[in-house]
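Peer 1: Hey, dropping entry_35.pdb in here, PDB, C-alpha atoms:
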MODEL        1
ATOM      1  CA  MET A   1      27.711  79.081 104.288
ATOM      2  CA  LYS A   2      25.333  80.548 106.819
ATOM      3  CA  THR A   3      21.615  80.969 106.233
ATOM      4  CA  ILE A   4      19.313  83.847 107.084
ATOM      5  CA  HIS A   5      16.600  82.610 109.397
ATOM      6  CA  LYS A   6      13.375  84.347 110.287
ATOM      7  CA  ILE A   7      11.955  84.276 113.813
ATOM      8  CA  ALA A   8       8.906  85.818 115.465
ATOM      9  CA  SER A   9       9.652  88.545 117.976
ATOM     10  CA  ASN A  10       9.209  87.851 121.669
ATOM     11  CA  LYS A  11      10.321  89.358 124.988
ATOM     12  CA  LYS A  12      13.630  87.496 125.041
ATOM     13  CA  LEU A  13      14.511  88.568 121.496
ATOM     14  CA  LEU A  14      13.680  92.174 122.324
ATOM     15  CA  GLN A  15      16.091  91.984 125.251
ATOM     16  CA  ILE A  16      18.801  90.619 122.973
ATOM     17  CA  HIS A  17      18.010  93.267 120.378
ATOM     18  CA  PHE A  18      18.353  96.092 122.894
ATOM     19  CA  CYS A  19      21.718  94.732 124.051
ATOM     20  CA  GLN A  20      22.954  94.591 120.456
ATOM     21  CA  ILE A  21      21.804  98.137 119.728
ATOM     22  CA  TYR A  22      23.503  99.363 122.907
ATOM     23  CA  GLN A  23      26.717  97.471 122.121
ATOM     24  CA  ASN A  24      26.913  98.955 118.603
ATOM     25  CA  TYR A  25      26.098 102.368 120.050
ATOM     26  CA  LYS A  26      29.027 102.151 122.478
ATOM     27  CA  LEU A  27      31.322 100.948 119.695
ATOM     28  CA  GLY A  28      30.374 103.957 117.556
ATOM     29  CA  ASN A  29      28.722 101.817 114.896
ATOM     30  CA  MET A  30      25.364 103.577 114.944
ATOM     31  CA  SER A  31      24.291 106.484 112.770
ATOM     32  CA  PHE A  32      24.908 110.039 113.964
ATOM     33  CA  GLY A  33      21.828 111.319 115.777
ATOM     34  CA  LEU A  34      20.814 108.068 117.470
ATOM     35  CA  GLU A  35      21.195 108.562 121.214
ATOM     36  CA  ILE A  36      20.615 106.370 124.275
ATOM     37  CA  ASP A  37      19.845 108.065 127.602
ATOM     38  CA  GLU A  38      22.259 106.047 129.744
ATOM     39  CA  MET A  39      21.866 108.378 132.739
ATOM     40  CA  ASN A  40      18.117 107.827 132.920
ATOM     41  CA  ILE A  41      18.503 104.069 132.547
ATOM     42  CA  GLU A  42      21.062 104.038 135.364
ATOM     43  CA  LYS A  43      18.753 106.211 137.490
ATOM     44  CA  ILE A  44      15.750 103.888 137.121
ATOM     45  CA  PHE A  45      17.630 100.577 136.996
ATOM     46  CA  PRO A  46      20.979 101.072 138.753
ATOM     47  CA  GLY A  47      23.731  98.756 137.525
ATOM     48  CA  PHE A  48      21.716  97.350 134.624
ATOM     49  CA  LEU A  49      24.074  98.612 131.903
ATOM     50  CA  GLU A  50      26.901  96.705 133.595
ATOM     51  CA  THR A  51      25.142  93.390 134.231
ATOM     52  CA  PHE A  52      22.332  93.378 131.634
ATOM     53  CA  ASP A  53      20.255  91.484 134.157
ATOM     54  CA  PHE A  54      16.739  91.950 132.809
ATOM     55  CA  LYS A  55      15.040  90.746 136.001
ATOM     56  CA  ASN A  56      12.346  93.299 136.877
ATOM     57  CA  VAL A  57      13.539  95.561 134.045
ATOM     58  CA  ASP A  58      10.839  96.937 131.728
ATOM     59  CA  ILE A  59      11.982  96.339 128.112
ATOM     60  CA  ASP A  60       9.557  98.965 126.790
ATOM     61  CA  PHE A  61      11.163 101.528 129.098
ATOM     62  CA  LEU A  62      14.611 100.638 127.734
ATOM     63  CA  PHE A  63      13.568 101.137 124.130
ATOM     64  CA  GLY A  64      11.925 104.388 125.203
ATOM     65  CA  GLN A  65      15.374 105.690 126.182
ATOM     66  CA  ILE A  66      16.552 105.416 122.582
ATOM     67  CA  ARG A  67      15.860 108.573 120.607
ATOM     68  CA  ILE A  68      16.746 110.090 117.276
ATOM     69  CA  ASP A  69      17.900 113.660 117.781
ATOM     70  CA  ARG A  70      17.188 115.713 114.681
ATOM     71  CA  ARG A  71      18.081 119.309 113.891
ATOM     72  CA  TRP A  72      14.652 120.644 114.812
ATOM     73  CA  THR A  73      13.151 117.915 116.989
ATOM     74  CA  SER A  74      13.748 114.659 118.810
ATOM     75  CA  ASP A  75      11.856 111.553 117.748
ATOM     76  CA  SER A  76      10.897 108.690 120.002
ATOM     77  CA  PHE A  77      12.416 105.392 119.029
ATOM     78  CA  SER A  78      10.044 102.484 118.531
ATOM     79  CA  CYS A  79      10.759  98.788 118.141
ATOM     80  CA  GLY A  80       7.555  97.347 116.800
ATOM     81  CA  HIS A  81       9.090  94.578 114.694
ATOM     82  CA  LYS A  82       6.944  91.464 114.541
ATOM     83  CA  ASP A  83       9.762  89.421 113.049
ATOM     84  CA  PHE A  84      13.531  89.362 113.199
ATOM     85  CA  TYR A  85      16.193  87.792 110.990
ATOM     86  CA  TYR A  86      19.604  86.403 111.895
ATOM     87  CA  PHE A  87      22.613  84.632 110.348
ATOM     88  CA  SER A  88      23.278  81.095 111.555
ATOM     89  CA  ASP A  89      24.266  77.620 110.399
ATOM     90  CA  ASN A  90      21.100  76.303 112.019
ATOM     91  CA  GLU A  91      17.897  77.596 113.489
ATOM     92  CA  LEU A  92      18.396  78.600 117.114
ATOM     93  CA  GLU A  93      16.289  77.699 120.090
ATOM     94  CA  ILE A  94      15.357  80.694 122.176
ATOM     95  CA  ASN A  95      15.467  80.092 125.931
ATOM     96  CA  GLU A  96      16.425  81.879 129.126
ATOM     97  CA  ASP A  97      19.983  80.483 129.077
ATOM     98  CA  ILE A  98      20.941  82.218 125.821
ATOM     99  CA  ASN A  99      24.319  83.962 125.885
ATOM    100  CA  LEU A 100      23.538  87.532 124.877
ATOM    101  CA  GLU A 101      27.110  88.299 123.843
ATOM    102  CA  ASN A 102      27.390  85.419 121.366
ATOM    103  CA  PHE A 103      23.906  85.604 119.873
ATOM    104  CA  PRO A 104      23.947  86.468 116.155
ATOM    105  CA  LEU A 105      22.876  89.982 115.168
ATOM    106  CA  LEU A 106      19.109  90.441 115.005
ATOM    107  CA  PHE A 107      17.922  92.638 112.162
ATOM    108  CA  TYR A 108      14.619  93.564 110.584
ATOM    109  CA  LYS A 109      15.474  94.446 106.982
ATOM    110  CA  TYR A 110      18.026  93.173 104.491
ATOM    111  CA  LYS A 111      18.850  93.073 100.799
ATOM    112  CA  LYS A 112      20.639  90.375  98.790
ATOM    113  CA  SER A 113      22.855  91.082  95.804
ATOM    114  CA  PRO A 114      21.647  89.293  92.641
ATOM    115  CA  PHE A 115      25.258  89.014  91.418
ATOM    116  CA  ASN A 116      27.307  87.613  94.313
ATOM    117  CA  ASP A 117      27.190  86.532  97.958
ATOM    118  CA  LEU A 118      26.766  90.008  99.457
ATOM    119  CA  ILE A 119      23.967  90.868 101.854
ATOM    120  CA  SER A 120      23.278  94.329 103.266
ATOM    121  CA  ILE A 121      21.545  94.739 106.597
ATOM    122  CA  ASN A 122      19.668  97.896 107.492
ATOM    123  CA  PHE A 123      20.277  98.632 111.165
ATOM    124  CA  TYR A 124      18.536 101.859 112.192
ATOM    125  CA  GLY A 125      20.029 104.119 109.544
ATOM    126  CA  SER A 126      23.279 102.166 109.286
ATOM    127  CA  ILE A 127      24.230  99.677 106.587
ATOM    128  CA  PHE A 128      26.183  96.553 107.587
ATOM    129  CA  LEU A 129      27.564  94.584 104.646
ATOM    130  CA  TYR A 130      28.047  90.826 105.082
ATOM    131  CA  ASN A 131      28.898  87.876 102.859
ATOM    132  CA  HIS A 132      27.103  84.523 102.999
ATOM    133  CA  ASP A 133      29.551  83.281 105.604
ATOM    134  CA  GLY A 134      28.204  85.898 107.975
ATOM    135  CA  GLU A 135      31.429  87.913 107.904
ATOM    136  CA  LEU A 136      31.091  91.671 108.325
ATOM    137  CA  LEU A 137      32.907  93.365 105.413
ATOM    138  CA  ASN A 138      32.132  97.029 106.047
ATOM    139  CA  SER A 139      29.552  99.411 107.467
ATOM    140  CA  TRP A 140      28.290 102.923 106.743
ATOM    141  CA  ASN A 141      26.277 105.367 108.840
ATOM    142  CA  ALA A 142      23.711 108.022 108.000
ATOM    143  CA  ASN A 143      23.382 111.484 109.501
ATOM    144  CA  LEU A 144      20.003 111.131 111.206
ATOM    145  CA  TYR A 145      20.442 114.557 112.807
ATOM    146  CA  ASP A 146      19.975 116.159 109.377
ATOM    147  CA  ASP A 147      17.241 113.724 108.344
ATOM    148  CA  GLY A 148      19.688 111.598 106.402
ATOM    149  CA  TYR A 149      19.605 108.057 105.121
ATOM    150  CA  CYS A 150      22.051 105.430 103.953
ATOM    151  CA  ASN A 151      21.422 103.001 101.106
ATOM    152  CA  ILE A 152      23.288 100.361  99.136
ATOM    153  CA  ASP A 153      22.645  99.567  95.488
ATOM    154  CA  PHE A 154      23.489  96.190  93.965
ATOM    155  CA  LYS A 155      22.296  97.026  90.465
ATOM    156  CA  PHE A 156      25.804  96.677  89.042
ATOM    157  CA  SER A 157      27.200  93.342  87.930
ATOM    158  CA  GLU A 158      30.786  92.121  88.164
ATOM    159  CA  GLY A 159      30.941  92.687  91.916
ATOM    160  CA  LEU A 160      30.233  96.421  91.790
ATOM    161  CA  LEU A 161      28.084  98.153  94.360
ATOM    162  CA  GLU A 162      27.305 101.750  95.228
ATOM    163  CA  ILE A 163      26.856 103.298  98.654
ATOM    164  CA  ILE A 164      24.569 106.322  98.788
ATOM    165  CA  ILE A 165      24.571 108.586 101.847
ATOM    166  CA  ASP A 166      22.329 111.626 101.774
ATOM    167  CA  ASP A 167      21.147 114.255 104.219
ATOM    168  CA  GLU A 168      19.587 117.706 104.085
ATOM    169  CA  ASN A 169      22.737 119.506 105.217
ATOM    170  CA  ASN A 170      25.534 117.757 103.302
ATOM    171  CA  GLY A 171      23.703 116.556 100.223
ATOM    172  CA  ASP A 172      24.315 113.375  98.292
ATOM    173  CA  TYR A 173      27.501 111.321  98.668
ATOM    174  CA  ARG A 174      28.129 108.249  96.488
ATOM    175  CA  GLU A 175      30.975 105.775  96.593
ATOM    176  CA  VAL A 176      31.530 102.805  94.299
ATOM    177  CA  PHE A 177      33.162  99.585  95.515
ATOM    178  CA  LYS A 178      34.352  96.454  93.788
ATOM    179  CA  TYR A 179      33.937  93.181  95.685
ATOM    180  CA  SER A 180      36.095  90.113  95.141
ATOM    181  CA  LYS A 181      34.327  86.947  96.195
ATOM    182  CA  ASP A 182      37.544  84.921  95.933
ATOM    183  CA  ASP A 183      39.510  86.786  98.606
ATOM    184  CA  LYS A 184      36.489  88.465 100.251
ATOM    185  CA  THR A 185      37.846  91.964  99.824
ATOM    186  CA  LEU A 186      36.037  95.222  99.180
ATOM    187  CA  LYS A 187      37.979  97.848  97.210
ATOM    188  CA  SER A 188      36.820 101.431  96.905
ATOM    189  CA  LEU A 189      36.891 102.798  93.360
ATOM    190  CA  GLY A 190      36.368 106.282  94.749
ATOM    191  CA  ASN A 191      33.549 108.734  95.278
ATOM    192  CA  THR A 192      32.006 111.384  93.110
ATOM    193  CA  ASP A 193      33.170 114.189  95.427
ATOM    194  CA  ASP A 194      36.819 113.158  95.348
ATOM    195  CA  GLU A 195      39.008 114.592  92.583
ATOM    196  CA  THR A 196      41.317 111.593  92.926
ATOM    197  CA  TYR A 197      38.572 109.228  91.803
ATOM    198  CA  PRO A 198      40.158 106.911  89.179
ATOM    199  CA  PHE A 199      37.631 107.746  86.489
ATOM    200  CA  GLU A 200      39.924 106.227  83.848
ATOM    201  CA  GLU A 201      38.596 102.864  85.037
ATOM    202  CA  LEU A 202      35.329 103.753  83.353
ATOM    203  CA  ASP A 203      36.746 102.350  80.107
ATOM    204  CA  LEU A 204      36.481  98.949  81.762
ATOM    205  CA  LEU A 205      33.241  99.506  83.626
ATOM    206  CA  TYR A 206      31.107 101.719  81.398
ATOM    207  CA  LYS A 207      28.809  98.886  80.328
ATOM    208  CA  ILE A 208      27.735  98.309  83.901
ATOM    209  CA  ILE A 209      28.376 101.645  85.535
ATOM    210  CA  ASP A 210      25.497 103.834  86.660
ATOM    211  CA  ARG A 211      24.676 106.835  84.458
ATOM    212  CA  ASN A 212      24.931 109.113  87.484
ATOM    213  CA  ILE A 213      28.535 108.006  87.980
ATOM    214  CA  VAL A 214      29.391 108.884  84.376
ATOM    215  CA  LEU A 215      27.623 112.232  84.763
ATOM    216  CA  ALA A 216      29.669 112.978  87.862
ATOM    217  CA  ALA A 217      32.815 111.823  86.080
ATOM    218  CA  VAL A 218      32.469 114.279  83.206
ATOM    219  CA  GLU A 219      31.472 117.090  85.541
ATOM    220  CA  ASN A 220      34.741 116.462  87.367
ATOM    221  CA  ASN A 221      36.772 116.213  84.133
ATOM    222  CA  GLY A 222      35.141 116.555  80.724
ATOM    223  CA  LEU A 223      37.775 114.344  79.109
ATOM    224  CA  ASN A 224      36.389 111.377  81.047
ATOM    225  CA  LEU A 225      33.835 111.172  78.231
ATOM    226  CA  GLN A 226      36.395 109.180  76.267
ATOM    227  CA  TYR A 227      36.164 106.380  78.826
ATOM    228  CA  ALA A 228      32.390 106.074  78.548
ATOM    229  CA  PRO A 229      31.648 105.293  74.870
ATOM    230  CA  ALA A 230      28.168 104.087  75.767
ATOM    231  CA  PHE A 231      27.243 107.686  76.621
ATOM    232  CA  ILE A 232      28.843 109.721  73.824
ATOM    233  CA  ALA A 233      25.433 110.318  72.254
ATOM    234  CA  ASP A 234      23.818 111.189  75.586
ATOM    235  CA  LYS A 235      23.176 114.902  75.107
ATOM    236  CA  GLU A 236      23.069 115.839  78.794
ATOM    237  CA  ILE A 237      26.308 114.019  79.591
ATOM    238  CA  VAL A 238      28.115 115.411  76.538
ATOM    239  CA  LEU A 239      27.047 118.968  77.355
ATOM    240  CA  LYS A 240      28.278 118.561  80.937
ATOM    241  CA  ALA A 241      31.599 117.302  79.594
ATOM    242  CA  ILE A 242      31.966 120.154  77.114
ATOM    243  CA  LYS A 243      31.120 122.735  79.754
ATOM    244  CA  GLU A 244      34.009 121.451  81.858
ATOM    245  CA  ASN A 245      36.451 120.944  78.970
ATOM    246  CA  ALA A 246      35.890 121.962  75.339
ATOM    247  CA  GLU A 247      38.122 119.165  74.108
ATOM    248  CA  ALA A 248      35.468 116.664  75.213
ATOM    249  CA  PHE A 249      33.727 117.649  71.964
ATOM    250  CA  ILE A 250      36.087 115.401  69.981
ATOM    251  CA  TYR A 251      34.795 112.370  71.899
ATOM    252  CA  CYS A 252      31.080 112.908  71.350
ATOM    253  CA  SER A 253      29.151 110.977  68.724
ATOM    254  CA  GLY A 254      29.230 111.967  65.068
ATOM    255  CA  THR A 255      25.511 112.605  65.239
ATOM    256  CA  LEU A 256      26.014 115.330  67.851
ATOM    257  CA  SER A 257      29.261 116.766  66.485
ATOM    258  CA  ASN A 258      27.568 117.380  63.110
ATOM    259  CA  ASP A 259      24.304 118.715  64.499
ATOM    260  CA  GLU A 260      24.076 122.491  64.032
ATOM    261  CA  GLU A 261      21.582 122.997  66.842
ATOM    262  CA  PHE A 262      23.634 120.943  69.268
ATOM    263  CA  ILE A 263      26.815 122.851  68.392
ATOM    264  CA  ILE A 264      25.043 126.152  68.976
ATOM    265  CA  GLU A 265      23.786 124.956  72.365
ATOM    266  CA  ALA A 266      27.210 123.582  73.323
ATOM    267  CA  SER A 267      29.002 126.777  72.252
ATOM    268  CA  LYS A 268      26.913 128.731  74.741
ATOM    269  CA  LEU A 269      28.454 126.583  77.466
ATOM    270  CA  ASN A 270      31.979 126.670  76.068
ATOM    271  CA  ILE A 271      32.780 128.771  72.997
ATOM    272  CA  LYS A 272      36.129 127.003  72.663
ATOM    273  CA  ILE A 273      34.444 124.071  70.899
ATOM    274  CA  MET A 274      34.214 126.246  67.783
ATOM    275  CA  GLY A 275      37.885 125.563  67.292
ATOM    276  CA  LEU A 276      37.066 121.848  67.047
ATOM    277  CA  VAL A 277      33.972 121.889  64.830
ATOM    278  CA  ASN A 278      34.436 120.529  61.312
ATOM    279  CA  ASN A 279      35.493 123.365  58.990
ATOM    280  CA  ASN A 280      33.233 122.196  56.154
ATOM    281  CA  LEU A 281      30.263 122.220  58.500
ATOM    282  CA  ILE A 282      31.072 125.759  59.628
ATOM    283  CA  ALA A 283      31.325 126.870  55.988
ATOM    284  CA  LYS A 284      27.746 125.682  55.351
ATOM    285  CA  HIS A 285      26.069 127.567  58.201
ATOM    286  CA  LYS A 286      26.194 131.313  58.698
ATOM    287  CA  ILE A 287      25.426 131.109  62.406
ATOM    288  CA  LEU A 288      28.348 128.716  62.925
ATOM    289  CA  GLN A 289      30.601 131.111  61.022
ATOM    290  CA  ASP A 290      29.513 133.916  63.338
ATOM    291  CA  LEU A 291      30.202 131.759  66.380
ATOM    292  CA  HIS A 292      33.623 130.884  65.001
ATOM    293  CA  ASP A 293      34.391 134.560  64.471
ATOM    294  CA  GLU A 294      33.388 135.237  68.076
ATOM    295  CA  PHE A 295      35.640 132.395  69.151
ATOM    296  CA  LYS A 296      38.641 133.821  67.255
ATOM    297  CA  MET A 297      38.102 137.328  68.632
ATOM    298  CA  ASN A 298      37.884 136.334  72.285
ATOM    299  CA  ILE A 299      40.211 133.371  72.680
ATOM    300  CA  ASN A 300      43.949 133.596  73.274
ATOM    301  CA  ASP A 301      46.256 130.798  72.172
ATOM    302  CA  ASP A 302      46.857 129.828  75.801
ATOM    303  CA  ASP A 303      43.129 129.254  76.220
ATOM    304  CA  LEU A 304      42.788 126.924  73.252
ATOM    305  CA  PRO A 305      42.121 123.205  73.583
ATOM    306  CA  PHE A 306      45.365 121.269  73.370
ATOM    307  CA  SER A 307      44.366 119.649  70.071
ATOM    308  CA  ILE A 308      44.245 122.995  68.209
ATOM    309  CA  LYS A 309      47.066 124.960  69.855
ATOM    310  CA  GLY A 310      49.330 126.562  67.273
ATOM    311  CA  MET A 311      46.822 126.365  64.407
ATOM    312  CA  ASP A 312      46.280 129.364  62.138
ATOM    313  CA  LEU A 313      42.655 130.119  62.958
ATOM    314  CA  ASP A 314      42.423 132.790  60.262
ATOM    315  CA  ASN A 315      43.507 130.504  57.452
ATOM    316  CA  LEU A 316      40.317 128.479  57.189
ATOM    317  CA  PRO A 317      38.288 127.691  54.014
ATOM    318  CA  PHE A 318      35.307 130.018  54.592
TER     319      PHE A 318
ENDMDL
END
What does the file become when written as structure tokens?

Peer 2:
Amino acid sequence: MKTIHKIASNKKLLQIHFCQIYQNYKLGNMSFGLEIDEMNIEKIFPGFLETFDFKNVDIDFLFGQIRIDRRWTSDSFSCGHKDFYYFSDNELEINEDINLENFPLLFYKYKKSPFNDLISINFYGSIFLYNHDGELLNSWNANLYDDGYCNIDFKFSEGLLEIIIDDENNGDYREVFKYSKDDKTLKSLGNTDDETYPFEELDLLYKIIDRNIVLAAVENNGLNLQYAPAFIADKEIVLKAIKENAEAFIYCSGTLSNDEEFIIEASKLNIKIMGLVNNNLIAKHKILQDLHDEFKMNINDDDLPFSIKGMDLDNLPF
């Protein structure tokens, strides 16, 4: 198992750091919007980007050629880190004979998972995910052009993590992954924008899943409420579910399904729930009777929730 070591920044480390940024840039591993002016570097220091011979090369000038191009402006890139971190079995000695290509990645910010051996590294808007052996498992990039950011959340247990990518143009994107420490694999459980997301897995994960994931699940398909029993009394989530599918009403808590005010509010979102409300409860409240009459007048049999198709809606005890 490798260890994260901390080291004070110096000229040699800054040279290594620039090389690593440039290498990831050329490999397409950097966030959209981060640009390096290769033409200007070649103009001032011909051949440098081929040899990386730092003799007589101004490191501050090199970092000055890295910019973040945004929709309305272009920001100068700065590298003012006083300290760096790196993965290694042992602390490294920094000298002039260091092999730049084999030097471990230098980074300035990281986050450890409290549940497993995962470590996320923030690398100028990108997220690189490693395990304790220093193996790169995956990476994600932000859209810096639209003032975006990328974040990873380890607040789930049982190997679950959530990637959050957000920007002003495309909005919020979230994807949940499950990590297996035994075989060092990372499996996507889907994202909240994808209709193929296997939300049925929520019946296994609801105790540890984020509320926002459940909210997105019921917005995508109201019947997903049945897989999240921890949230069946959560008014906002239940209303979102009912709005998408009236039949979600049968999965909400007894407290809500017998609450006149809640039923009235829910019926405004989806009048079809009046075909699922307890008949005895309807008989006790005039306003519920009126809502049920409205339901019967405006709903065709083909529009009914599956659980009440074929019922005689006029033959009720009130």

Peer 1: One decimal, in Å: what's the spacing between CA of Gly64 (chain A) and CA of Asp83 (chain A)?

Peer 2: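 CA of Gly64 (chain A) sits 19.4 Å away from CA of Asp83 (chain A).
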
Peer 1: Could you tell me, as number ranges by chain, exactly which residues end up selected when the PyMOL selection byres ((chain A and resi 93-110) around 8) is applied to this structure?

Peer 2: A: 12-13, 16-17, 19-20, 81, 83-88, 91-92, 111-112, 119-123

Peer 1: Go ahead and compute the interatomic distance for CA of Ile4 (chain A) and CA of Tyr173 (chain A), in Å to one decimal.

Peer 2: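 That distance, rounded to one decimal, is 29.9 Å.
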
Peer 1: Closest to Leu14 (chain A) among A:Pro46, A:Gly80, A:Gly171, A:Gly254, using all atoms listed in the file?

Peer 2: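 Comparing A:Pro46, A:Gly80, A:Gly171, A:Gly254 against Leu14 (chain A), the winner is A:Gly80.
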
Peer 1: Can you tell me, as a list of chain:residue names, what residues are no more than 8 Å from Ile242 (chain A) when counting only C-alpha atoms, ignoring any on the same chain fewer than 6 positions away?

Peer 2: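 After dropping sequence-adjacent residues, the list is A:Gly222, A:Ala248, A:Phe249, A:Ala266, A:Leu269, A:Asn270, A:Ile273.
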
Peer 1: When you draw a straight line from CA of Glu236 (chain A) to CA of Glu260 (chain A), how long is it in Å?

Peer 2: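 Computing the Euclidean distance for CA of Glu236 (chain A) and CA of Glu260 (chain A) yields 16.2 Å.
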
Peer 1: Near Asn138 (chain A), within 12 Å and counting all atoms listed in the file, which residues show up once chain neighbours fewer than 2 positions away are dropped, as number ranges by chain?

Peer 2: A: 29, 118-121, 126-131, 134-136, 140-141, 152, 163, 177, 179, 184-188

Peer 1: Leaving out Ile264 (chain A) and any residue of its chain fewer than 6 positions from it, which residues lie within 10 Å of it when counting all atoms listed in the file, given as a PyMOL selection string?

Peer 2: chain A and resi 270-271+273-274+287-288+291

Peer 1: Give me the residues near Asp89 (chain A) as number ranges by chain, where near means some atom within 9 Å (using only C-alpha atoms) and where sequence neighbours in that chain fewer than 6 positions away do not count.

Peer 2: A: 1-4

Peer 1: Can you sort out the box for region 289-301 of chain A, edges along x, y and z, all listed atoms in, 5 Å on every side, with centre and edge lengths in Å to one decimal, as JSON?

Peer 2:
{"center_x": 37.9, "center_y": 134.1, "center_z": 67.1, "size_x": 26.7, "size_y": 16.5, "size_z": 22.3}

Peer 1: Write out as a ChimeraX atom specification each polymer residue whose atoms come within 6 Å of Glu162 (chain A), counting only C-alpha atoms; drop sequence neighbours fewer than 6 positions from it.

Peer 2: /A:152-153,175-176

Peer 1: Running the PyMOL selection byres ((chain A and resi 225) around 12) on this model by hand, what would come out? Give it as number ranges by chain.

Peer 2: A: 199-203, 206, 211, 213-224, 226-253

Peer 1: For the point (18.4, 110.5, 120.8) in file coordinates, what residues are within 8 Å, counting only C-alpha atoms? Give the answer as number ranges by chain?

Peer 2: A: 33-37, 65-69, 74-76

Peer 1: So that I have them on file, write out the residues from the current selection with C-alpha atoms, as a CSV table (one decimal), in the coordinates of the input.

Peer 2:
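Result file follows (selection.csv):
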chain,number,residue,atom,x,y,z
A,33,GLY,CA,21.8,111.3,115.8
A,34,LEU,CA,20.8,108.1,117.5
A,35,GLU,CA,21.2,108.6,121.2
A,36,ILE,CA,20.6,106.4,124.3
A,37,ASP,CA,19.8,108.1,127.6
A,65,GLN,CA,15.4,105.7,126.2
A,66,ILE,CA,16.6,105.4,122.6
A,67,ARG,CA,15.9,108.6,120.6
A,68,ILE,CA,16.7,110.1,117.3
A,69,ASP,CA,17.9,113.7,117.8
A,74,SER,CA,13.7,114.7,118.8
A,75,ASP,CA,11.9,111.6,117.7
A,76,SER,CA,10.9,108.7,120.0

Peer 1: List, as a PyMOL selection string, every residue that the PyMOL selection byres ((chain A and resi 8) around 8) selects in the file provided.

Peer 2: chain A and resi 6-7+9-10+82-84

Peer 1: Identify which of the residues A:Ala283, A:Cys79, A:Phe262, A:Gly275 lies closest to Asn298 (chain A), counting all atoms listed in the file when measuring atom-to-atom distances.

Peer 2: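 Answer, going by the shortest atom-to-atom distance: A:Gly275.
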